[in-house]
>>> print(open('upload_12.cif').read())   # mmCIF, C-alpha atoms
data_data
#
loop_
_atom_site.label_atom_id
_atom_site.label_comp_id
_atom_site.auth_asym_id
_atom_site.auth_seq_id
_atom_site.Cartn_x
_atom_site.Cartn_y
_atom_site.Cartn_z
CA MET A 1 16.01 -5.45 -11.59
CA LYS A 2 15.63 -4.31 -15.21
CA ILE A 3 13.66 -6.29 -17.75
CA MET A 4 16.75 -6.61 -19.92
CA SER A 5 18.19 -8.61 -17.02
CA TYR A 6 15.08 -10.78 -17.21
CA ALA A 7 15.83 -11.36 -20.89
CA ILE A 8 19.30 -12.62 -19.94
CA ALA A 9 17.73 -14.81 -17.30
CA ALA A 10 15.35 -16.17 -19.94
CA GLY A 11 18.32 -17.24 -22.01
CA LEU A 12 19.84 -18.97 -19.00
CA ALA A 13 16.52 -20.71 -18.37
CA VAL A 14 16.49 -22.01 -21.93
CA ALA A 15 20.05 -23.24 -21.58
CA SER A 16 19.27 -24.95 -18.29
CA LEU A 17 16.69 -27.16 -20.00
CA THR A 18 19.48 -28.94 -21.80
CA THR A 19 21.12 -29.95 -18.54
CA THR A 20 20.07 -32.66 -16.13
CA ALA A 21 17.43 -31.34 -13.74
CA SER A 22 16.64 -32.79 -10.36
CA ALA A 23 13.48 -34.86 -10.05
CA ALA A 24 11.60 -31.99 -8.42
CA ASP A 25 12.56 -29.40 -11.04
CA ILE A 26 9.91 -28.43 -13.56
CA THR A 27 10.04 -26.81 -16.98
CA GLY A 28 7.61 -24.47 -18.68
CA ALA A 29 7.49 -22.31 -21.78
CA GLY A 30 5.34 -19.67 -23.40
CA ALA A 31 4.06 -16.15 -22.83
CA THR A 32 6.60 -13.37 -22.34
CA PHE A 33 3.91 -11.25 -20.63
CA PRO A 34 4.21 -13.01 -17.20
CA PHE A 35 7.92 -13.81 -17.42
CA PRO A 36 8.99 -11.19 -14.83
CA VAL A 37 6.60 -12.48 -12.16
CA TYR A 38 7.27 -16.16 -12.93
CA SER A 39 10.97 -15.44 -12.57
CA LYS A 40 10.45 -13.80 -9.18
CA TRP A 41 8.23 -16.63 -8.01
CA ALA A 42 10.75 -19.22 -9.19
CA GLU A 43 13.60 -17.47 -7.39
CA ALA A 44 11.67 -17.32 -4.10
CA TYR A 45 10.35 -20.89 -4.50
CA LYS A 46 13.85 -22.26 -5.11
CA LYS A 47 15.14 -20.47 -2.03
CA GLU A 48 12.36 -21.86 0.17
CA THR A 49 11.96 -25.39 -1.19
CA GLY A 50 15.16 -26.15 -3.11
CA ASN A 51 13.08 -27.03 -6.18
CA GLY A 52 13.64 -25.26 -9.49
CA MET A 53 11.25 -23.89 -12.11
CA ASN A 54 12.89 -23.21 -15.47
CA TYR A 55 10.79 -21.08 -17.81
CA GLN A 56 11.40 -20.25 -21.47
CA SER A 57 9.99 -16.84 -22.42
CA ILE A 58 9.21 -17.66 -26.07
CA GLY A 59 5.70 -16.31 -26.69
CA SER A 60 2.25 -17.80 -26.22
CA GLY A 61 2.22 -19.58 -29.58
CA GLY A 62 5.46 -21.33 -28.73
CA GLY A 63 4.16 -22.28 -25.29
CA ILE A 64 1.08 -23.94 -26.78
CA LYS A 65 3.21 -25.83 -29.31
CA GLN A 66 5.63 -27.04 -26.63
CA ILE A 67 2.94 -28.35 -24.27
CA GLN A 68 1.22 -30.07 -27.22
CA ALA A 69 4.57 -31.65 -28.12
CA LYS A 70 5.01 -32.64 -24.44
CA THR A 71 8.51 -31.18 -24.31
CA VAL A 72 7.71 -29.13 -21.17
CA ASP A 73 5.75 -29.76 -17.98
CA PHE A 74 3.46 -26.78 -18.58
CA GLY A 75 2.69 -24.27 -21.28
CA ALA A 76 1.79 -20.61 -20.81
CA THR A 77 -0.40 -18.34 -22.92
CA ASP A 78 -1.97 -14.91 -22.64
CA ALA A 79 -4.57 -15.76 -25.29
CA PRO A 80 -6.73 -18.42 -23.64
CA MET A 81 -7.37 -21.56 -25.63
CA LYS A 82 -11.02 -22.11 -26.56
CA GLY A 83 -13.03 -24.83 -24.87
CA GLU A 84 -13.12 -27.08 -27.94
CA ASP A 85 -9.33 -26.84 -28.35
CA LEU A 86 -8.75 -27.64 -24.69
CA GLU A 87 -11.05 -30.66 -25.01
CA LYS A 88 -9.46 -31.86 -28.25
CA ASN A 89 -5.96 -31.69 -26.79
CA GLY A 90 -6.86 -33.02 -23.33
CA LEU A 91 -5.61 -29.85 -21.64
CA LEU A 92 -6.64 -28.00 -18.52
CA GLN A 93 -6.23 -24.21 -18.39
CA PHE A 94 -6.11 -21.86 -15.41
CA PRO A 95 -5.12 -18.21 -14.83
CA THR A 96 -2.26 -17.12 -12.58
CA VAL A 97 -2.25 -13.30 -12.41
CA MET A 98 -3.73 -10.33 -14.23
CA GLY A 99 -1.75 -7.60 -15.91
CA ALA A 100 -2.16 -4.98 -18.58
CA VAL A 101 -0.90 -4.06 -22.01
CA VAL A 102 0.15 -0.43 -22.48
CA PRO A 103 1.18 1.62 -25.51
CA VAL A 104 4.77 2.87 -25.09
CA VAL A 105 6.50 5.65 -27.00
CA ASN A 106 9.93 7.08 -27.67
CA ILE A 107 9.40 10.80 -28.32
CA GLN A 108 12.04 13.26 -27.17
CA GLY A 109 10.88 15.19 -24.11
CA VAL A 110 7.68 13.19 -23.60
CA GLN A 111 7.16 11.83 -20.08
CA PRO A 112 5.13 8.77 -18.94
CA GLY A 113 1.41 9.46 -19.16
CA GLN A 114 1.86 12.81 -20.93
CA ILE A 115 0.27 11.76 -24.23
CA LYS A 116 -3.40 10.74 -24.46
CA LEU A 117 -4.75 8.44 -27.14
CA THR A 118 -8.16 6.97 -27.90
CA GLY A 119 -8.68 3.42 -29.12
CA PRO A 120 -9.64 4.49 -32.67
CA VAL A 121 -6.59 6.77 -32.93
CA LEU A 122 -4.32 3.97 -31.68
CA ALA A 123 -5.82 1.63 -34.28
CA ASP A 124 -5.25 4.21 -37.03
CA ILE A 125 -1.59 4.57 -36.00
CA PHE A 126 -0.95 0.81 -36.22
CA GLN A 127 -2.85 0.64 -39.53
CA GLY A 128 -0.70 3.40 -41.04
CA LYS A 129 -3.66 5.76 -41.40
CA ILE A 130 -2.03 8.27 -39.03
CA LEU A 131 1.59 8.78 -40.08
CA LYS A 132 2.96 11.72 -38.05
CA TRP A 133 2.94 12.59 -34.35
CA ASN A 134 1.57 16.07 -34.99
CA ASP A 135 -1.41 14.72 -36.94
CA ALA A 136 -4.57 16.68 -36.11
CA LYS A 137 -6.25 13.66 -34.50
CA ILE A 138 -3.40 13.28 -32.00
CA ALA A 139 -2.91 17.02 -31.49
CA GLN A 140 -6.59 17.48 -30.68
CA LEU A 141 -6.22 15.07 -27.72
CA ASN A 142 -2.96 16.64 -26.50
CA ALA A 143 -3.25 20.42 -26.29
CA GLY A 144 -0.07 21.91 -24.86
CA VAL A 145 2.12 18.87 -25.67
CA ASN A 146 5.00 19.52 -28.07
CA LEU A 147 4.32 16.87 -30.72
CA PRO A 148 7.06 16.58 -33.36
CA ASN A 149 6.51 16.74 -37.10
CA ALA A 150 8.03 13.26 -37.31
CA ASN A 151 7.04 9.98 -38.90
CA ILE A 152 5.61 7.41 -36.48
CA THR A 153 7.23 3.96 -36.42
CA PRO A 154 4.81 1.35 -35.01
CA VAL A 155 6.56 -1.60 -33.33
CA TYR A 156 4.73 -4.92 -33.09
CA ARG A 157 5.38 -8.50 -32.01
CA SER A 158 7.06 -10.54 -34.72
CA ASP A 159 6.31 -13.85 -32.97
CA SER A 160 3.03 -15.62 -32.24
CA SER A 161 1.94 -13.67 -29.19
CA GLY A 162 -0.82 -13.67 -26.61
CA THR A 163 0.00 -10.02 -25.96
CA THR A 164 -0.76 -9.35 -29.63
CA SER A 165 -4.02 -11.27 -29.29
CA VAL A 166 -5.06 -9.12 -26.32
CA PHE A 167 -3.98 -5.90 -28.06
CA THR A 168 -5.71 -6.69 -31.35
CA THR A 169 -8.83 -7.91 -29.54
CA TYR A 170 -9.03 -4.48 -27.94
CA LEU A 171 -8.43 -2.69 -31.27
CA SER A 172 -11.17 -4.80 -32.87
CA GLN A 173 -13.56 -3.74 -30.10
CA VAL A 174 -12.92 -0.01 -30.55
CA SER A 175 -12.30 0.28 -34.31
CA GLU A 176 -14.59 -1.12 -37.00
CA GLY A 177 -11.87 -0.47 -39.55
CA TRP A 178 -9.39 -2.59 -37.60
CA LYS A 179 -11.97 -5.33 -37.03
CA SER A 180 -12.89 -5.62 -40.71
CA GLU A 181 -9.41 -5.20 -42.18
CA LEU A 182 -7.09 -6.95 -39.70
CA GLY A 183 -9.06 -8.53 -36.87
CA ALA A 184 -7.71 -10.16 -33.72
CA GLY A 185 -5.18 -12.95 -33.32
CA THR A 186 -1.80 -14.02 -32.01
CA THR A 187 -0.42 -12.81 -35.34
CA VAL A 188 -1.91 -10.34 -37.82
CA ASN A 189 -0.75 -8.94 -41.14
CA TRP A 190 0.73 -5.68 -39.84
CA PRO A 191 0.57 -3.07 -42.62
CA VAL A 192 3.34 -0.79 -41.28
CA GLY A 193 6.17 -0.71 -38.77
CA GLN A 194 8.80 -3.18 -37.61
CA GLY A 195 8.72 -6.25 -35.42
CA GLY A 196 10.36 -7.28 -32.17
CA LYS A 197 10.41 -10.75 -30.62
CA GLY A 198 8.71 -10.99 -27.24
CA ASN A 199 7.77 -8.17 -24.90
CA GLU A 200 11.54 -7.86 -24.41
CA GLY A 201 12.12 -7.29 -28.12
CA VAL A 202 9.35 -4.71 -28.50
CA ALA A 203 10.57 -2.80 -25.42
CA ALA A 204 14.16 -2.81 -26.70
CA THR A 205 13.13 -1.70 -30.21
CA VAL A 206 10.99 1.18 -28.94
CA LYS A 207 13.90 2.37 -26.79
CA GLN A 208 16.21 2.29 -29.82
CA VAL A 209 13.94 3.84 -32.48
CA PRO A 210 13.09 7.55 -32.13
CA ASN A 211 9.41 8.48 -32.57
CA SER A 212 8.28 4.86 -32.28
CA ILE A 213 5.24 3.39 -30.53
CA GLY A 214 4.78 -0.19 -29.37
CA TYR A 215 2.70 -2.27 -26.97
CA VAL A 216 4.08 -4.22 -24.01
CA GLU A 217 3.07 -5.62 -20.65
CA TYR A 218 3.18 -2.77 -18.14
CA ALA A 219 6.06 -4.22 -16.09
CA TYR A 220 8.30 -4.03 -19.17
CA ALA A 221 7.41 -0.36 -19.67
CA LYS A 222 7.90 0.58 -16.03
CA GLN A 223 11.13 -1.27 -15.40
CA ASN A 224 12.69 -0.19 -18.69
CA SER A 225 11.64 3.43 -18.05
CA ILE A 226 9.79 3.66 -21.38
CA PRO A 227 7.05 6.33 -21.37
CA HIS A 228 3.55 4.91 -21.65
CA THR A 229 0.59 6.76 -23.07
CA LEU A 230 -2.76 7.18 -21.39
CA LEU A 231 -5.65 5.50 -23.15
CA GLN A 232 -9.29 6.49 -23.11
CA ASN A 233 -11.50 3.80 -21.60
CA LYS A 234 -15.07 2.80 -22.36
CA ALA A 235 -16.37 5.43 -19.90
CA GLY A 236 -14.45 8.17 -21.73
CA LYS A 237 -11.88 8.57 -18.91
CA TYR A 238 -8.07 8.38 -18.99
CA PRO A 239 -7.02 6.28 -15.97
CA ALA A 240 -3.36 5.67 -15.22
CA PRO A 241 -2.14 2.09 -15.75
CA GLU A 242 -1.76 0.89 -12.17
CA ILE A 243 -3.02 -1.80 -9.79
CA LYS A 244 -6.19 0.19 -9.07
CA SER A 245 -7.21 0.48 -12.71
CA PHE A 246 -6.34 -3.16 -13.47
CA GLN A 247 -8.46 -4.30 -10.52
CA ALA A 248 -11.30 -2.05 -11.68
CA ALA A 249 -11.31 -3.78 -15.08
CA ALA A 250 -11.60 -7.18 -13.37
CA ALA A 251 -14.13 -6.11 -10.74
CA SER A 252 -17.18 -7.60 -12.46
CA ALA A 253 -15.43 -10.54 -14.14
CA ASN A 254 -17.37 -13.80 -14.32
CA TRP A 255 -14.55 -16.35 -14.37
CA SER A 256 -16.90 -19.30 -14.81
CA SER A 257 -18.45 -17.86 -17.98
CA ALA A 258 -15.87 -19.48 -20.30
CA PRO A 259 -14.14 -22.89 -20.36
CA GLY A 260 -10.74 -22.88 -18.72
CA PHE A 261 -11.45 -19.51 -17.07
CA GLY A 262 -10.77 -18.03 -20.52
CA ILE A 263 -12.44 -14.64 -20.09
CA SER A 264 -11.49 -11.31 -21.67
CA LEU A 265 -11.04 -8.16 -19.58
CA THR A 266 -10.49 -5.74 -22.47
CA ASN A 267 -12.65 -2.63 -22.89
CA GLN A 268 -14.51 -3.10 -19.60
CA GLY A 269 -16.86 -0.44 -18.24
CA GLY A 270 -16.14 1.75 -15.21
CA ASP A 271 -14.46 5.12 -14.78
CA ASP A 272 -11.27 3.62 -13.34
CA ALA A 273 -10.86 0.58 -15.62
CA TRP A 274 -7.69 0.31 -17.71
CA PRO A 275 -8.97 -0.73 -21.17
CA ILE A 276 -6.37 -3.39 -22.05
CA THR A 277 -6.31 -5.55 -18.91
CA ASN A 278 -5.96 -9.32 -19.16
CA PRO A 279 -5.27 -12.55 -17.27
CA THR A 280 -2.50 -14.91 -18.27
CA PHE A 281 -2.90 -18.69 -18.30
CA ILE A 282 -1.17 -22.03 -17.68
CA LEU A 283 -1.80 -25.26 -19.62
CA VAL A 284 -1.30 -28.80 -18.27
CA TYR A 285 -2.60 -32.17 -19.35
CA LYS A 286 -5.69 -33.57 -17.63
CA THR A 287 -4.24 -37.06 -17.82
CA ALA A 288 -0.72 -36.78 -16.47
CA GLU A 289 1.77 -39.05 -18.23
CA LYS A 290 4.36 -37.98 -15.65
CA PRO A 291 2.18 -37.43 -12.57
CA GLU A 292 5.14 -36.59 -10.33
CA GLN A 293 6.10 -33.71 -12.65
CA THR A 294 2.52 -32.48 -12.97
CA ALA A 295 2.22 -32.62 -9.17
CA GLU A 296 5.32 -30.43 -8.90
CA VAL A 297 3.82 -27.92 -11.36
CA LEU A 298 0.69 -27.67 -9.23
CA LYS A 299 2.77 -27.39 -6.04
CA PHE A 300 4.69 -24.49 -7.58
CA PHE A 301 1.58 -22.53 -8.55
CA ASP A 302 -0.16 -23.45 -5.29
CA TRP A 303 2.83 -22.00 -3.43
CA SER A 304 2.73 -18.94 -5.68
CA PHE A 305 -0.97 -18.34 -4.98
CA LYS A 306 -0.27 -18.59 -1.24
CA ASN A 307 3.01 -16.66 -1.08
CA GLY A 308 3.48 -14.70 -4.29
CA ASP A 309 0.92 -11.89 -4.13
CA LYS A 310 3.36 -9.23 -2.93
CA LEU A 311 5.98 -10.25 -5.48
CA ALA A 312 3.31 -9.95 -8.19
CA SER A 313 2.04 -6.59 -6.94
CA ASP A 314 5.59 -5.21 -6.75
CA LEU A 315 5.83 -5.86 -10.50
CA ASP A 316 2.39 -4.29 -11.13
CA TYR A 317 0.54 -7.54 -11.73
CA VAL A 318 -2.81 -8.10 -10.01
CA PRO A 319 -3.16 -11.27 -7.90
CA LEU A 320 -6.27 -13.33 -8.51
CA PRO A 321 -9.20 -13.02 -6.08
CA ASP A 322 -9.24 -15.69 -3.37
CA ASN A 323 -12.49 -17.20 -4.60
CA VAL A 324 -10.99 -17.68 -8.09
CA VAL A 325 -7.92 -19.40 -6.61
CA GLU A 326 -10.21 -21.78 -4.74
CA GLN A 327 -12.06 -22.53 -7.99
CA ILE A 328 -8.70 -23.29 -9.62
CA ARG A 329 -7.66 -25.67 -6.83
CA SER A 330 -11.02 -27.42 -7.06
CA THR A 331 -10.51 -27.86 -10.81
CA TRP A 332 -7.04 -29.32 -10.23
CA SER A 333 -8.44 -31.80 -7.71
CA LYS A 334 -11.38 -32.83 -9.86
CA ASP A 335 -9.93 -32.91 -13.37
CA ILE A 336 -6.19 -33.72 -13.26
CA LYS A 337 -5.63 -37.45 -12.87
CA THR A 338 -3.05 -40.16 -13.41
CA SER A 339 -3.52 -42.69 -16.20
CA ALA A 340 -5.02 -44.97 -13.51
CA GLY A 341 -7.65 -42.32 -12.69
CA GLN A 342 -6.16 -41.19 -9.39
CA PRO A 343 -6.16 -37.47 -8.52
CA VAL A 344 -2.76 -35.79 -8.87
CA TYR A 345 -3.69 -32.91 -6.55
CA LYS A 346 -5.55 -33.33 -3.26
CA MET A 347 -7.13 -30.35 -1.52
#
>>> encode(input="upload_12.cif", output="structure tokens")
Amino acid sequence: MKIMSYAIAAGLAVASLTTTASAADITGAGATFPFPVYSKWAEAYKKETGNGMNYQSIGSGGGIKQIQAKTVDFGATDAPMKGEDLEKNGLLQFPTVMGAVVPVVNIQGVQPGQIKLTGPVLADIFQGKILKWNDAKIAQLNAGVNLPNANITPVYRSDSSGTTSVFTTYLSQVSEGWKSELGAGTTVNWPVGQGGKGNEGVAATVKQVPNSIGYVEYAYAKQNSIPHTLLQNKAGKYPAPEIKSFQAAAASANWSSAPGFGISLTNQGGDDAWPITNPTFILVYKTAEKPEQTAEVLKFFDWSFKNGDKLASDLDYVPLPDNVVEQIRSTWSKDIKTSAGQPVYKM
């Protein structure tokens, strides 16, 4: 299934929220990054249990706003909320899968993985400091590749985006110029280029605009057949974006080192590590105003942890390690309660 089909499905999911759902149906909204895998999980879950999960792919910023407004049963974000913000809002956060952000290009004749970039060069492109594809800094990395004497059009997320937060966090780690001038965030003041809404919008824009470069979750690049670039990692290597390199980036992750499992996997060491790897997260309230709905949310993700690994891997997401899933279930059991103080989830 193509990602553009997912975009259509996203629209149907939004529409379905205006209709009457059954008691066991749940609604969520947020990050576009995990939308393909959540859609697959929801389809399989509905087939097995009869219960629906309707998800609006609107961006991480929108997901946080909707869960804070209590208009959905769960929110979703790629940029983890900080511990003090979780505490202030009474929210619990947990990861679901890991994926990766990749630079994608539309250059005539260029195949996936044919162009190599370093982090500083990528930062210079998105800052407008490198303007043409045959610039000496790019040509030096790509001997033998026919680079056109053409202006580069950077494509960025126009909405508040966890994918942007992950991407700009990485650029801030590898480029002092980027860190001091633009920094990291769900939105930044892009100096050049044009915007697209959601991973879907960036993928579609890159496909339409010759000589463009954007950044998307890898599943969007692969399933839309948009060539990705290779990217030099911290060890100076150029691994392919694939399950192996995403797992390598997460190999030494300490999930308990940040509140709400909110760790960063960007710019990790190791020869095989893809440099822009990241988890994606779910937000629910610790005190459940509608405990039956919160219970259904947890049932859905519990089912997905038990049954959804292959569906995730088929879309080039990395399932969480078993020990992390057990930590998540323990957190559900301990911290999510009804207004009367009763646990919503029992292990």
>>> atom_distance(input="upload_12.cif", atom1="CA of Lys129 (chain A)", atom2="CA of Ile152 (chain A)")
10.6 Å
>>> atom_distance(input="upload_12.cif", atom1="CA of Lys197 (chain A)", atom2="CA of Tyr220 (chain A)")
13.4 Å
>>> atom_distance(input="upload_12.cif", atom1="CA of Leu311 (chain A)", atom2="CA of Ile243 (chain A)")
13.1 Å
>>> residues_around(input="upload_12.cif", residues="Phe261 (chain A)", least_positions_apart="3", cutoff="10 Å", atoms="all atoms listed in the file", output="JSON, numbers by chain")
{"A": [80, 81, 82, 83, 92, 93, 94, 95, 254, 255, 256, 257, 258, 264, 279, 281, 324, 327, 328]}
>>> resolve_selection(input="upload_12.cif", expression="the PyMOL selection byres ((chain A and resi 107-110) around 6)", output="VMD selection string")
chain A and resid 106 111 211
>>> resolve_selection(input="upload_12.cif", expression="the PyMOL selection byres ((chain A and resi 303-309) around 8)", output="ChimeraX atom specification")
/A:41,45,96,299-302,310-313,318-319,325
>>> residues_around(input="upload_12.cif", residues="Lys207 (chain A)", least_positions_apart="6", cutoff="12 Å", atoms="all atoms listed in the file", output="NGL selection string")
:A and (4 or 104-108 or 153 or 155 or 196 or 200-201 or 213-214 or 220-221 or 224-228)
>>> write_last_selection(input="upload_12.cif", atoms="C-alpha atoms", output="PDB file, keeping the file's coordinate frame")
ATOM      1  CA  MET A   4      16.750  -6.610 -19.920  1.00  0.00           C
ATOM      2  CA  VAL A 104       4.770   2.870 -25.090  1.00  0.00           C
ATOM      3  CA  VAL A 105       6.500   5.650 -27.000  1.00  0.00           C
ATOM      4  CA  ASN A 106       9.930   7.080 -27.670  1.00  0.00           C
ATOM      5  CA  ILE A 107       9.400  10.800 -28.320  1.00  0.00           C
ATOM      6  CA  GLN A 108      12.040  13.260 -27.170  1.00  0.00           C
ATOM      7  CA  THR A 153       7.230   3.960 -36.420  1.00  0.00           C
ATOM      8  CA  VAL A 155       6.560  -1.600 -33.330  1.00  0.00           C
ATOM      9  CA  GLY A 196      10.360  -7.280 -32.170  1.00  0.00           C
ATOM     10  CA  GLU A 200      11.540  -7.860 -24.410  1.00  0.00           C
ATOM     11  CA  GLY A 201      12.120  -7.290 -28.120  1.00  0.00           C
ATOM     12  CA  ILE A 213       5.240   3.390 -30.530  1.00  0.00           C
ATOM     13  CA  GLY A 214       4.780  -0.190 -29.370  1.00  0.00           C
ATOM     14  CA  TYR A 220       8.300  -4.030 -19.170  1.00  0.00           C
ATOM     15  CA  ALA A 221       7.410  -0.360 -19.670  1.00  0.00           C
ATOM     16  CA  ASN A 224      12.690  -0.190 -18.690  1.00  0.00           C
ATOM     17  CA  SER A 225      11.640   3.430 -18.050  1.00  0.00           C
ATOM     18  CA  ILE A 226       9.790   3.660 -21.380  1.00  0.00           C
ATOM     19  CA  PRO A 227       7.050   6.330 -21.370  1.00  0.00           C
ATOM     20  CA  HIS A 228       3.550   4.910 -21.650  1.00  0.00           C
TER      21      HIS A 228
END
>>> closest_residue(input="upload_12.cif", among="A:Gln293, A:Thr229, A:Asn89, A:Gln247", to="Leu265 (chain A)", atoms="all atoms listed in the file")
A:Gln247
>>> residues_around(input="upload_12.cif", residues="Val101 (chain A)", least_positions_apart="3", cutoff="7 Å", atoms="only C-alpha atoms", output="PyMOL selection string")
chain A and resi 215-218+276-277
>>> closest_atom_pairs(input="upload_12.cif", of="region 278-318 of chain A", to="region 64-69 of chain A", cutoff="12 Å", atoms="all atoms listed in the file", output="CSV")
residue,atom,partner,partner_atom,distance
A:Phe281,CA,A:Ile64,CA,10.7
A:Ile282,CA,A:Ile64,CA,9.6
A:Leu283,CA,A:Ile67,CA,7.3
A:Val284,CA,A:Ile67,CA,7.4
A:Tyr285,CA,A:Ile67,CA,8.3
>>> resolve_selection(input="upload_12.cif", expression="the PyMOL selection byres ((chain A and resi 149) around 10)", output="compact mmCIF listing (two decimals) with C-alpha atoms, in the frame of the given file")
# COMPACT_ATOMS: atom_id res chain seq x y z
CA LEU A 131 1.59 8.78 -40.08
CA LYS A 132 2.96 11.72 -38.05
CA TRP A 133 2.94 12.59 -34.35
CA ASN A 134 1.57 16.07 -34.99
CA ASP A 135 -1.41 14.72 -36.94
CA ASN A 146 5.00 19.52 -28.07
CA LEU A 147 4.32 16.87 -30.72
CA PRO A 148 7.06 16.58 -33.36
CA ALA A 150 8.03 13.26 -37.31
CA ASN A 151 7.04 9.98 -38.90
CA ILE A 152 5.61 7.41 -36.48
CA ASN A 211 9.41 8.48 -32.57
>>> closest_residue(input="upload_12.cif", among="A:Gln56, A:Met347, A:Lys137, A:Gly75", to="Thr294 (chain A)", atoms="only C-alpha atoms")
A:Gly75
>>> residues_around(input="upload_12.cif", residues="Leu141 (chain A)", least_positions_apart="4", cutoff="9 Å", atoms="all atoms listed in the file", output="PyMOL selection string")
chain A and resi 115-118+136-137
>>> decode(input="upload_12.cif", residues="region 303-346 of chain A", atoms="C-alpha atoms", output="CSV table (one decimal), in the first residue's frame")
chain,number,residue,atom,x,y,z
A,303,TRP,CA,-2.3,-6.1,21.7
A,304,SER,CA,0.1,-4.2,19.4
A,305,PHE,CA,3.1,-5.0,21.5
A,306,LYS,CA,2.1,-8.7,21.6
A,307,ASN,CA,1.0,-9.1,17.9
A,308,GLY,CA,2.3,-6.1,15.9
A,309,ASP,CA,6.0,-6.6,15.6
A,310,LYS,CA,6.0,-8.1,12.1
A,311,LEU,CA,3.6,-5.5,10.9
A,312,ALA,CA,5.9,-2.8,12.2
A,313,SER,CA,9.0,-4.5,10.8
A,314,ASP,CA,7.4,-4.8,7.4
A,315,LEU,CA,7.1,-1.0,7.3
A,316,ASP,CA,10.7,-0.6,8.5
A,317,TYR,CA,9.9,0.4,12.1
A,318,VAL,CA,11.8,-1.3,14.9
A,319,PRO,CA,9.7,-3.0,17.6
A,320,LEU,CA,10.7,-2.1,21.2
A,321,PRO,CA,12.8,-4.6,23.2
A,322,ASP,CA,10.8,-6.9,25.4
A,323,ASN,CA,12.2,-5.5,28.6
A,324,VAL,CA,11.1,-2.0,27.6
A,325,VAL,CA,7.6,-3.3,26.9
A,326,GLU,CA,7.5,-4.8,30.4
A,327,GLN,CA,8.6,-1.5,31.9
A,328,ILE,CA,5.8,0.2,30.0
A,329,ARG,CA,3.2,-2.3,31.2
A,330,SER,CA,4.5,-1.9,34.8
A,331,THR,CA,4.1,1.9,34.4
A,332,TRP,CA,0.5,1.5,33.2
A,333,SER,CA,-0.3,-0.7,36.1
A,334,LYS,CA,1.3,1.6,38.7
A,335,ASP,CA,0.5,5.1,37.5
A,336,ILE,CA,-2.8,5.0,35.5
A,337,LYS,CA,-5.8,5.1,37.9
A,338,THR,CA,-9.5,6.0,38.0
A,339,SER,CA,-10.6,9.1,39.9
A,340,ALA,CA,-11.3,6.7,42.8
A,341,GLY,CA,-7.7,5.5,42.8
A,342,GLN,CA,-8.2,2.1,41.2
A,343,PRO,CA,-5.8,0.8,38.6
A,344,VAL,CA,-7.1,0.9,35.1
A,345,TYR,CA,-4.7,-1.7,33.8
A,346,LYS,CA,-3.9,-4.9,35.7
